[in-house]
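Peer 1: This is input31.tsv (TSV, C-alpha atoms and all ligand atoms).
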chain	number	residue	atom	x	y	z
T	1	MET	CA	0.33	15.10	8.11
T	2	ALA	CA	0.40	11.79	9.98
T	3	ALA	CA	1.86	8.93	7.90
T	4	HIS	CA	-1.39	6.97	8.08
T	5	GLU	CA	-3.11	9.81	6.23
T	6	LYS	CA	-3.16	9.16	2.51
T	7	ALA	CA	0.22	10.30	1.17
T	8	PRO	CA	-0.32	10.07	-2.59
T	9	PHE	CA	3.08	9.21	-4.00
T	10	THR	CA	5.00	7.37	-1.33
T	11	PRO	CA	6.70	4.69	-3.44
T	12	LEU	CA	5.73	1.14	-2.46
T	13	ARG	CA	7.17	-0.60	-5.52
T	14	SER	CA	8.92	-3.37	-3.64
T	15	VAL	CA	7.59	-4.63	-0.31
T	16	LEU	CA	9.77	-7.47	0.99
T	17	TYR	CA	8.55	-10.06	3.50
T	18	MET	CA	11.02	-11.65	5.80
T	19	PRO	CA	10.51	-14.14	8.61
T	20	GLY	CA	10.75	-12.33	11.94
T	21	SER	CA	12.60	-15.34	13.29
T	22	ASN	CA	15.40	-15.09	10.69
T	23	GLU	CA	18.13	-12.96	12.29
T	24	ARG	CA	20.29	-13.17	9.19
T	25	ALA	CA	17.47	-11.77	7.00
T	26	LEU	CA	16.69	-8.97	9.48
T	27	GLU	CA	20.34	-7.94	9.33
T	28	LYS	CA	20.63	-8.31	5.57
T	29	ALA	CA	17.51	-6.17	5.02
T	30	LYS	CA	19.37	-3.06	6.19
T	31	GLY	CA	21.16	-3.04	2.84
T	32	ILE	CA	18.36	-4.15	0.50
T	33	ALA	CA	16.99	-1.46	-1.85
T	34	CYS	CA	13.31	-2.23	-1.26
T	35	ASP	CA	10.77	0.51	-0.52
T	36	ALA	CA	9.24	-1.35	2.42
T	37	LEU	CA	9.80	-4.38	4.63
T	38	ILE	CA	7.20	-6.63	6.20
T	39	LEU	CA	8.73	-8.28	9.26
T	40	ASP	CA	6.57	-11.35	9.52
T	41	LEU	CA	5.19	-13.01	12.63
T	42	GLU	CA	2.54	-15.06	10.80
T	43	ASP	CA	2.99	-17.88	8.29
T	44	SER	CA	6.78	-17.86	7.97
T	45	VAL	CA	7.37	-18.22	11.73
T	46	ALA	CA	6.93	-21.56	13.49
T	47	PRO	CA	4.70	-21.52	16.62
T	48	ASP	CA	7.60	-22.15	19.03
T	49	ALA	CA	9.59	-19.28	17.50
T	50	LYS	CA	6.81	-16.67	17.68
T	51	PRO	CA	7.55	-15.10	21.10
T	52	ALA	CA	11.23	-14.53	20.28
T	53	ALA	CA	10.36	-13.28	16.79
T	54	ARG	CA	7.88	-10.81	18.31
T	55	GLU	CA	10.66	-9.29	20.41
T	56	ALA	CA	13.09	-9.23	17.49
T	57	VAL	CA	10.72	-7.45	15.07
T	58	ALA	CA	9.64	-4.92	17.70
T	59	ALA	CA	13.31	-4.07	18.35
T	60	ALA	CA	14.02	-3.83	14.60
T	61	ALA	CA	10.99	-1.62	13.91
T	62	GLY	CA	11.87	0.65	16.81
T	63	SER	CA	15.45	1.14	15.59
T	64	ASP	CA	16.76	3.59	12.99
T	65	ASP	CA	18.71	0.86	11.22
T	66	TYR	CA	16.58	0.56	8.09
T	67	GLY	CA	17.06	4.04	6.67
T	68	ARG	CA	14.44	5.18	4.17
T	69	ARG	CA	12.69	1.81	4.03
T	70	ALA	CA	9.19	1.75	5.51
T	71	VAL	CA	9.38	-0.95	8.20
T	72	THR	CA	6.12	-2.76	8.92
T	73	ILE	CA	5.21	-5.70	11.13
T	74	ARG	CA	2.81	-8.47	10.10
T	75	VAL	CA	1.02	-9.78	13.20
T	76	ASN	CA	-0.85	-13.05	13.50
T	77	ALA	CA	-4.52	-13.01	12.51
T	78	ILE	CA	-7.42	-11.95	14.73
T	79	GLY	CA	-8.58	-14.89	16.85
T	80	THR	CA	-5.22	-16.66	17.01
T	81	GLU	CA	-3.48	-17.18	20.33
T	82	TRP	CA	-0.67	-14.77	19.34
T	83	HIS	CA	-2.70	-11.89	17.91
T	84	ASP	CA	-3.28	-9.74	21.01
T	85	ALA	CA	0.34	-9.84	22.21
T	86	ASP	CA	1.59	-9.22	18.65
T	87	LEU	CA	-0.67	-6.20	18.24
T	88	VAL	CA	0.39	-4.65	21.55
T	89	ALA	CA	4.11	-5.19	20.85
T	90	ALA	CA	3.81	-3.87	17.29
T	91	SER	CA	1.78	-0.82	18.40
T	92	GLN	CA	4.35	0.05	21.04
T	93	ALA	CA	7.23	-0.36	18.56
T	94	GLY	CA	5.60	2.24	16.26
T	95	PRO	CA	6.41	0.86	12.78
T	96	ALA	CA	5.27	2.57	9.58
T	97	ALA	CA	2.37	0.12	9.48
T	98	ILE	CA	0.94	-2.93	11.17
T	99	VAL	CA	-0.04	-5.52	8.57
T	100	VAL	CA	-2.95	-7.71	9.61
T	101	PRO	CA	-3.69	-10.93	7.73
T	102	LYS	CA	-7.15	-12.24	6.89
T	103	VAL	CA	-9.09	-9.07	7.73
T	104	GLY	CA	-12.71	-9.98	7.02
T	105	SER	CA	-14.93	-6.96	7.68
T	106	ALA	CA	-15.19	-3.27	8.47
T	107	ASP	CA	-15.83	-4.31	12.09
T	108	ASP	CA	-12.45	-6.06	12.12
T	109	VAL	CA	-10.82	-2.81	10.99
T	110	ALA	CA	-12.62	-0.79	13.67
T	111	ALA	CA	-11.60	-3.28	16.37
T	112	LEU	CA	-7.98	-3.31	15.16
T	113	VAL	CA	-7.75	0.49	15.13
T	114	SER	CA	-9.26	0.68	18.59
T	115	ALA	CA	-6.80	-1.93	19.92
T	116	MET	CA	-3.86	-0.15	18.28
T	117	GLU	CA	-4.86	3.14	19.87
T	118	LYS	CA	-5.42	1.52	23.26
T	119	ALA	CA	-1.92	-0.01	23.04
T	120	GLY	CA	-0.41	3.40	22.28
T	121	ALA	CA	0.28	3.17	18.54
T	122	PRO	CA	1.65	6.53	17.38
T	123	ASP	CA	-0.17	8.54	14.72
T	124	HIS	CA	2.41	7.62	12.08
T	125	THR	CA	1.57	3.91	12.36
T	126	ALA	CA	-0.93	2.95	9.67
T	127	LEU	CA	-2.99	-0.21	9.44
T	128	TRP	CA	-2.49	-2.31	6.30
T	129	ALA	CA	-5.22	-4.91	5.77
T	130	MET	CA	-4.45	-8.14	3.98
T	131	VAL	CA	-7.14	-9.06	1.49
T	132	GLU	CA	-6.87	-12.81	1.06
T	133	THR	CA	-10.20	-14.45	1.79
T	134	PRO	CA	-13.47	-14.66	-0.18
T	135	VAL	CA	-15.32	-12.62	2.45
T	136	ALA	CA	-12.72	-9.84	2.28
T	137	ILE	CA	-13.05	-9.64	-1.49
T	138	LEU	CA	-16.83	-9.54	-1.26
T	139	ASP	CA	-16.70	-6.82	1.45
T	140	ALA	CA	-13.68	-4.99	0.03
T	141	LEU	CA	-15.30	-1.56	-0.27
T	142	SER	CA	-16.63	-1.43	3.28
T	143	ILE	CA	-13.26	-2.65	4.61
T	144	ALA	CA	-11.38	-0.06	2.54
T	145	ARG	CA	-13.57	2.76	3.86
T	146	ALA	CA	-13.66	1.62	7.49
T	147	SER	CA	-10.97	3.88	8.95
T	148	GLU	CA	-8.74	6.83	8.14
T	149	ARG	CA	-5.90	4.81	9.66
T	150	LEU	CA	-6.17	2.21	6.91
T	151	GLY	CA	-3.33	3.01	4.52
T	152	ALA	CA	-3.17	0.00	2.21
T	153	PHE	CA	-4.62	-3.25	0.98
T	154	VAL	CA	-2.06	-6.03	0.65
T	155	LEU	CA	-3.17	-8.92	-1.55
T	156	GLY	CA	-2.53	-12.37	-0.14
T	157	THR	CA	-2.63	-14.43	-3.29
T	158	ASN	CA	-1.46	-17.70	-1.70
T	159	ASP	CA	-4.36	-17.72	0.74
T	160	LEU	CA	-6.75	-16.52	-1.94
T	161	VAL	CA	-5.81	-19.37	-4.29
T	162	LYS	CA	-6.14	-21.81	-1.38
T	163	GLU	CA	-9.56	-20.51	-0.28
T	164	LEU	CA	-10.94	-20.52	-3.81
T	165	TYR	CA	-9.68	-24.09	-4.49
T	166	ALA	CA	-8.00	-22.43	-7.46
T	167	GLU	CA	-4.55	-23.00	-8.99
T	168	HIS	CA	-1.48	-20.82	-9.45
T	169	VAL	CA	-1.20	-20.38	-13.24
T	170	PRO	CA	0.70	-17.93	-15.47
T	171	GLY	CA	-1.48	-14.88	-16.10
T	172	ARG	CA	-3.46	-15.52	-12.86
T	173	GLY	CA	-6.77	-15.96	-14.69
T	174	PRO	CA	-8.52	-17.73	-11.76
T	175	ILE	CA	-7.94	-14.82	-9.35
T	176	LEU	CA	-8.17	-11.82	-11.69
T	177	PRO	CA	-11.75	-10.95	-10.63
T	178	SER	CA	-10.61	-10.88	-6.99
T	179	LEU	CA	-7.56	-8.76	-7.78
T	180	HIS	CA	-9.67	-6.28	-9.73
T	181	THR	CA	-12.29	-6.10	-6.97
T	182	ALA	CA	-9.65	-5.28	-4.37
T	183	LEU	CA	-8.15	-2.66	-6.67
T	184	LEU	CA	-11.54	-1.05	-7.34
T	185	ALA	CA	-12.27	-0.83	-3.61
T	186	GLY	CA	-8.81	0.46	-2.75
T	187	ARG	CA	-8.93	3.14	-5.42
T	188	ALA	CA	-12.44	4.17	-4.37
T	189	ALA	CA	-11.13	4.69	-0.83
T	190	GLY	CA	-7.88	6.38	-1.89
T	191	ILE	CA	-5.54	3.85	-0.27
T	192	ALA	CA	-2.48	2.06	-1.67
T	193	VAL	CA	-3.01	-1.41	-3.14
T	194	ILE	CA	-0.06	-3.82	-3.19
T	195	ASP	CA	0.00	-6.98	-5.28
T	196	GLY	CA	0.63	-10.49	-3.93
T	197	VAL	CA	3.86	-12.50	-3.98
T	198	TYR	CA	5.46	-14.66	-6.68
T	199	ASN	CA	6.55	-17.86	-4.95
T	200	ASP	CA	9.12	-19.24	-7.41
T	201	VAL	CA	12.20	-17.25	-6.44
T	202	LYS	CA	14.25	-18.80	-9.27
T	203	ASP	CA	11.80	-17.98	-12.09
T	204	THR	CA	12.84	-14.45	-13.05
T	205	GLU	CA	10.94	-14.44	-16.32
T	206	GLY	CA	7.66	-15.44	-14.69
T	207	PHE	CA	8.21	-12.95	-11.88
T	208	LEU	CA	8.87	-10.03	-14.24
T	209	ALA	CA	5.80	-10.92	-16.31
T	210	GLU	CA	3.68	-10.82	-13.14
T	211	CYS	CA	5.20	-7.43	-12.14
T	212	GLU	CA	4.33	-6.07	-15.58
T	213	GLN	CA	0.79	-7.40	-15.28
T	214	GLY	CA	0.43	-5.91	-11.78
T	215	ARG	CA	1.59	-2.47	-12.93
T	216	GLN	CA	-0.72	-2.53	-15.95
T	217	MET	CA	-3.64	-3.41	-13.67
T	218	GLY	CA	-2.86	-0.43	-11.43
T	219	PHE	CA	-1.15	-1.88	-8.35
T	220	ASP	CA	1.25	0.48	-6.55
T	221	GLY	CA	3.82	-2.26	-6.12
T	222	LYS	CA	4.35	-5.91	-5.30
T	223	THR	CA	5.01	-7.91	-2.18
T	224	LEU	CA	8.16	-10.01	-2.50
T	225	VAL	CA	9.68	-13.02	-0.78
T	226	HIS	CA	13.33	-12.80	-1.84
T	227	PRO	CA	15.92	-10.01	-2.19
T	228	GLY	CA	16.52	-11.14	-5.77
T	229	GLN	CA	13.04	-9.87	-6.68
T	230	VAL	CA	13.59	-6.27	-5.49
T	231	GLU	CA	15.35	-4.82	-8.53
T	232	GLY	CA	12.73	-6.13	-10.97
T	233	ALA	CA	9.84	-4.77	-8.91
T	234	ASN	CA	11.52	-1.36	-8.49
T	235	ALA	CA	11.92	-1.08	-12.25
T	236	ALA	CA	8.46	-2.42	-13.13
T	237	PHE	CA	6.53	-0.11	-10.77
T	238	ALA	CA	8.47	3.08	-11.62
T	239	PRO	CA	7.54	5.01	-14.76
T	240	SER	CA	9.87	4.07	-17.65
T	241	GLU	CA	12.04	6.71	-19.34
T	242	GLN	CA	9.63	6.61	-22.27
T	243	ALA	CA	6.63	7.12	-19.98
T	244	VAL	CA	8.32	10.15	-18.37
T	245	GLU	CA	9.24	11.62	-21.77
T	246	ASP	CA	5.67	11.08	-23.02
T	247	ALA	CA	4.21	12.69	-19.89
T	248	ARG	CA	6.40	15.78	-20.33
T	249	GLY	CA	5.51	16.03	-24.04
T	250	LEU	CA	1.81	15.69	-23.38
T	251	ILE	CA	1.82	18.33	-20.62
T	252	GLY	CA	3.85	20.66	-22.90
T	253	ALA	CA	1.28	20.28	-25.70
T	254	TRP	CA	-1.55	20.97	-23.26
T	255	GLU	CA	0.12	24.12	-21.94
T	256	ASP	CA	0.81	25.30	-25.52
T	257	GLY	CA	-2.93	24.91	-26.15
T	258	ALA	CA	-3.46	27.68	-23.58
T	259	GLY	CA	-6.92	26.85	-22.31
T	260	ALA	CA	-8.29	24.79	-25.19
T	261	GLY	CA	-10.48	21.96	-23.89
T	262	VAL	CA	-8.84	19.49	-26.21
T	263	VAL	CA	-5.50	19.42	-28.09
T	264	THR	CA	-3.55	16.78	-29.99
T	265	TRP	CA	-0.11	15.46	-29.18
T	266	ASN	CA	1.69	12.90	-31.34
T	267	GLY	CA	-1.59	12.43	-33.21
T	268	ARG	CA	-3.49	11.58	-30.03
T	269	MET	CA	-6.38	13.42	-28.45
T	270	VAL	CA	-5.41	15.05	-25.14
T	271	GLU	CA	-7.95	16.27	-22.57
T	272	ASN	CA	-7.58	17.39	-18.97
T	273	LEU	CA	-7.88	13.83	-17.64
T	274	HIS	CA	-4.83	12.75	-19.68
T	275	VAL	CA	-2.91	15.69	-18.25
T	276	GLU	CA	-3.83	14.57	-14.72
T	277	SER	CA	-2.49	11.08	-15.49
T	278	ALA	CA	0.70	12.56	-16.94
T	279	ARG	CA	1.19	14.72	-13.84
T	280	ARG	CA	0.74	11.65	-11.66
T	281	THR	CA	3.39	9.82	-13.71
T	282	LEU	CA	5.83	12.70	-13.18
T	283	ALA	CA	5.05	12.87	-9.46
T	284	ILE	CA	5.80	9.15	-9.08
T	285	HIS	CA	8.98	9.58	-11.13
T	286	GLU	CA	10.09	12.45	-8.90
T	287	ALA	CA	9.32	10.51	-5.72
T	288	VAL	CA	11.28	7.50	-6.98
T	289	THR	CA	14.18	9.67	-8.16
T	290	ALA	CA	14.31	11.34	-4.74
T	291	LEU	CA	14.85	7.91	-3.17
T	292	GLY	CA	17.94	7.39	-5.31
T	293	ALA	CA	17.09	3.72	-5.84
S	301	LIG	C1	12.02	-18.34	0.15
S	301	LIG	C2	13.17	-18.41	1.15
S	301	LIG	C3	12.88	-19.46	2.23
S	301	LIG	C4	14.47	-18.78	0.41
S	301	LIG	O1	15.53	-18.71	1.36
S	301	LIG	P1	17.01	-19.13	1.02
S	301	LIG	O2	17.02	-20.51	0.43
S	301	LIG	O3	17.85	-18.88	2.24
S	301	LIG	O4	17.41	-18.12	-0.13
S	301	LIG	P2	18.82	-17.76	-0.62
S	301	LIG	O5	19.83	-18.77	-0.22
S	301	LIG	O6	18.71	-17.47	-2.08
S	301	LIG	O7	19.13	-16.40	0.15
S	301	LIG	C5	20.19	-15.55	-0.26
S	301	LIG	C6	20.46	-14.54	0.82
S	301	LIG	O8	19.34	-13.69	0.97
S	301	LIG	C7	18.84	-13.76	2.30
S	301	LIG	N1	17.38	-13.74	2.23
S	301	LIG	C8	16.59	-14.64	1.66
S	301	LIG	N2	15.31	-14.28	1.72
S	301	LIG	C9	15.32	-13.09	2.35
S	301	LIG	C10	14.28	-12.20	2.70
S	301	LIG	N3	12.98	-12.48	2.43
S	301	LIG	N4	14.63	-11.06	3.30
S	301	LIG	C11	15.92	-10.78	3.58
S	301	LIG	N5	16.95	-11.59	3.26
S	301	LIG	C12	16.63	-12.73	2.67
S	301	LIG	C13	19.35	-15.07	2.86
S	301	LIG	O9	19.44	-14.95	4.26
S	301	LIG	C14	20.70	-15.14	2.19
S	301	LIG	O10	21.60	-14.27	2.83
S	301	LIG	P3	23.14	-14.62	2.93
S	301	LIG	O11	23.23	-15.68	3.97
S	301	LIG	O12	23.82	-13.34	3.30
S	301	LIG	O13	23.59	-15.11	1.57
S	301	LIG	C15	13.40	-17.02	1.80
S	301	LIG	O14	13.68	-16.12	0.77
S	301	LIG	C16	12.28	-16.52	2.68
S	301	LIG	O15	12.19	-16.91	3.82
S	301	LIG	N6	11.45	-15.62	2.16
S	301	LIG	C17	10.39	-14.95	2.90
S	301	LIG	C18	9.28	-15.92	3.29
S	301	LIG	C19	8.16	-15.19	3.97
S	301	LIG	O16	8.37	-14.21	4.66
S	301	LIG	N7	6.93	-15.68	3.78
S	301	LIG	C20	5.74	-15.10	4.33
S	301	LIG	C21	5.00	-14.18	3.37
S	301	LIG	S1	4.47	-14.84	1.85
S	301	LIG	C22	2.73	-14.94	1.98
S	301	LIG	O17	2.28	-15.97	2.33
S	301	LIG	C23	1.88	-13.72	1.65
S	301	LIG	C24	0.38	-13.90	1.86
S	301	LIG	O18	0.04	-14.12	3.19
S	301	LIG	C25	-0.28	-14.88	0.95
S	301	LIG	O19	-1.23	-15.56	1.39
S	301	LIG	O20	0.08	-14.92	-0.24
S	302	MG	MG	-1.65	-15.21	3.53
Is it possible to give me this structure as structure tokens?
Peer 2:
Amino acid sequence: MAAHEKAPFTPLRSVLYMPGSNERALEKAKGIACDALILDLEDSVAPDAKPAAREAVAAAAGSDDYGRRAVTIRVNAIGTEWHDADLVAASQAGPAAIVVPKVGSADDVAALVSAMEKAGAPDHTALWAMVETPVAILDALSIARASERLGAFVLGTNDLVKELYAEHVPGRGPILPSLHTALLAGRAAGIAVIDGVYNDVKDTEGFLAECEQGRQMGFDGKTLVHPGQVEGANAAFAPSEQAVEDARGLIGAWEDGAGAGVVTWNGRMVENLHVESARRTLAIHEAVTALGA
């Protein structure tokens, strides 16, 4: 199966951005226990530094230096002066995914996939679309369904807050409808959906609260801006020991019921759909355990 096909339980708990122009960060990332890296060519790289950063991230993505981490490249947005060269370099490097900011329509996805294929992107290179504008939220379902090569939605909550004239507040009330819409579309299309970043790298309490909220909402993981956020995201987006124990107990009770349509476990009603959720929990637990992180 090509990697851009929907692999159900590939852990994407912690997805760390780093500026493609920051050599120190590119080196340091080889030892960071995140599930994926986004080597950035967009907002975190100054215009003068973009050509050199493009070469550096292509070399990094084409190397074997990052072990089990999924290495992705974020190119500059469609219509910018850097986009075409970024997309060609990223396609030829063959990362796990090419992350494209400010995708606005299904036509954008089709054009991106066509350009990736023309530039020689291998089958294992997925497209990850950033959902971070009002039009992307409003067209989320058609974007999510636009191509088999689309592997994930990545929420861009900084741009979303900016475009909505909203504010960053604890609990994220102003953008919850947008987050839910992106999640609904992503789940309908069977792709991964990764939450936005938490900007205050010193506020551990606020960060962990946002991870907890993201997991409860259904996100697969969270994008991060600092290595200090990796451990918290890995813990928050993996099933807890209690969740694993509960899943095993529930499945055991179901199997003991030997074909009954409904059983009880710990005083709770259990039907087939609860068993499916419990099996998903165990599959994620096994995938995370296999990573050893
Ligand atoms: C936010 C930062 C600028 C802070 O950097 P700094 O002050 O250097 O942090 P520290 O001194 O605490 O760093 C400690 C060491 O860790 C390394 N480091 C820091 N950040 C990273 C990183 N992201 N990846 C790898 N390594 C990192 C430092 O080099 C230090 O190493 P050492 O010298 O050995 O001690 C910085 O964290 C940063 O640049 N973060 C990423 C910024 C970024 O990529 N932004 C773009 C995406 S965010 C976004 O906008 C998403 C979306 O589009 C939206 O709209 O929301
Ligand atoms: Mg953005």
Peer 1: Around ligand MG 302 (chain S), which protein and nucleic acid residues have at least one atom no more than 7 Å from it, if we count only C-alpha atoms and all ligand atoms? List them as a PyMOL selection string.
Peer 2: chain T and resi 101+132+156-159
Peer 1: If you keep C-alpha atoms, can you produce a file of those selected residues as a PDB file, in the frame of the given file?
Peer 2:
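Just written: part11.pdb:
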ATOM      1  CA  PRO T 101      -3.690 -10.930   7.730  1.00  0.00           C
ATOM      2  CA  GLU T 132      -6.870 -12.810   1.060  1.00  0.00           C
ATOM      3  CA  GLY T 156      -2.530 -12.370  -0.140  1.00  0.00           C
ATOM      4  CA  THR T 157      -2.630 -14.430  -3.290  1.00  0.00           C
ATOM      5  CA  ASN T 158      -1.460 -17.700  -1.700  1.00  0.00           C
ATOM      6  CA  ASP T 159      -4.360 -17.720   0.740  1.00  0.00           C
TER       7      ASP T 159
END
Peer 1: Using all atoms listed in the file, which of the listed residues (T:Ser63, T:Thr181, T:Thr10, T:Gln229) sits closest to ligand LIG 301 (chain S)?
Peer 2: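 Of T:Ser63, T:Thr181, T:Thr10, T:Gln229, the one nearest ligand LIG 301 (chain S), counting all atoms listed in the file, is T:Gln229.
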Peer 1: List as a PyMOL selection string: which residues have an atom within 9 Å of (9.7, -6.6, -4.5), counting all atoms listed in the file?
Peer 2: chain T and resi 12-17+34-36+197+211+221-234
Peer 1: Please provide as number ranges by chain all residues within 12 Å of segment 253-260 of chain T, with the sequence filter that same-chain residues fewer than 3 positions apart are discarded (counting all atoms listed in the file).
Peer 2: T: 246-250, 263-276, 278-279
Peer 1: Neighbours of ligand LIG 301 (chain S) at 10 Å or closer, counting all atoms listed in the file: which residues, as JSON, numbers by chain?
Peer 2: {"T": [15, 16, 17, 18, 19, 20, 21, 22, 23, 24, 25, 26, 27, 28, 29, 30, 31, 32, 37, 38, 39, 40, 41, 42, 43, 44, 45, 74, 100, 101, 102, 130, 131, 132, 133, 154, 155, 156, 157, 158, 159, 160, 161, 162, 163, 195, 196, 197, 198, 199, 200, 201, 202, 223, 224, 225, 226, 227, 228, 229]}
Peer 1: Write out as a ChimeraX atom specification which residues come within 12 Å of Ser240 of chain T when counting all atoms listed in the file, dropping same-chain ones fewer than 4 positions away.
Peer 2: /T:212,215,234-236,244-247,281-282,284-285,288-289
Peer 1: Give me the residues near Ala58 of chain T as a PDB file with C-alpha atoms, keeping the file's coordinate frame, where near means some atom within 7 Å (using only C-alpha atoms) and where sequence neighbours in that chain fewer than 5 positions away do not count.
Peer 2:
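Output (result-v1.pdb):
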ATOM      1  CA  ALA T  89       4.110  -5.190  20.850  1.00  0.00           C
ATOM      2  CA  ALA T  90       3.810  -3.870  17.290  1.00  0.00           C
ATOM      3  CA  ALA T  93       7.230  -0.360  18.560  1.00  0.00           C
TER       4      ALA T  93
END
Peer 1: Counting all atoms listed in the file, which residue out of T:Val169, T:Ala126, T:Ala46, T:Val113 sits closest to Ala70 of chain T?
Peer 2: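 Looking at the shortest contact to Ala70 of chain T, the residue is T:Ala126.
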Peer 1: For the atom pair atom CA of Arg187 of chain T and atom CA of Met217 of chain T, what is the interatomic distance in Å to one decimal place?
Peer 2: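 We find that atom CA of Arg187 of chain T and atom CA of Met217 of chain T lie 11.8 Å from each other.
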Peer 1: In Å, with one decimal, what is the gap from atom CA of Pro51 of chain T to atom CA of Ala106 of chain T?
Peer 2: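 Interatomic distance, atom CA of Pro51 of chain T to atom CA of Ala106 of chain T: 28.6 Å.
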Peer 1: So how far away is atom CA of Leu112 of chain T from atom CA of Leu179 of chain T, in Å?
Peer 2: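 Atom-to-atom, atom CA of Leu179 of chain T and atom CA of Leu112 of chain T are spaced 23.6 Å apart.
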Peer 1: T:Gly62, T:Gly214, T:Gly79, T:Gly94: which is nearest Leu176 of chain T, counting only C-alpha atoms?
Peer 2: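 Using only C-alpha atoms, the shortest distance to Leu176 of chain T belongs to T:Gly214.
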Peer 1: Under the rule that all atoms listed in the file are counted, which of T:Trp128, T:Gly173, T:Trp82, T:Ile143 is the nearest residue to Asp48 of chain T?
Peer 2: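 That would be T:Trp82, the residue with the smallest distance to Asp48 of chain T.
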Peer 1: Can you work out which one of T:Leu164, T:Ala136, T:Ala146, T:Val57 has the shortest atom-to-atom distance to Ala182 of chain T, counting only C-alpha atoms?
Peer 2: T:Ala136
Peer 1: Rank nothing, just name the residue among T:Arg172, T:Asp64, T:Ser105, T:Ala290 nearest to Ala209 of chain T, using only C-alpha atoms.
Peer 2: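 Using only C-alpha atoms, Ala209 of chain T sits closest to T:Arg172.
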Peer 1: Which residues come within 8 Å of Ile191 of chain T, counting all atoms listed in the file, excluding same-chain residues fewer than 2 positions away, as a ChimeraX atom specification?
Peer 2: /T:6,144,150-153,186-187,189,193
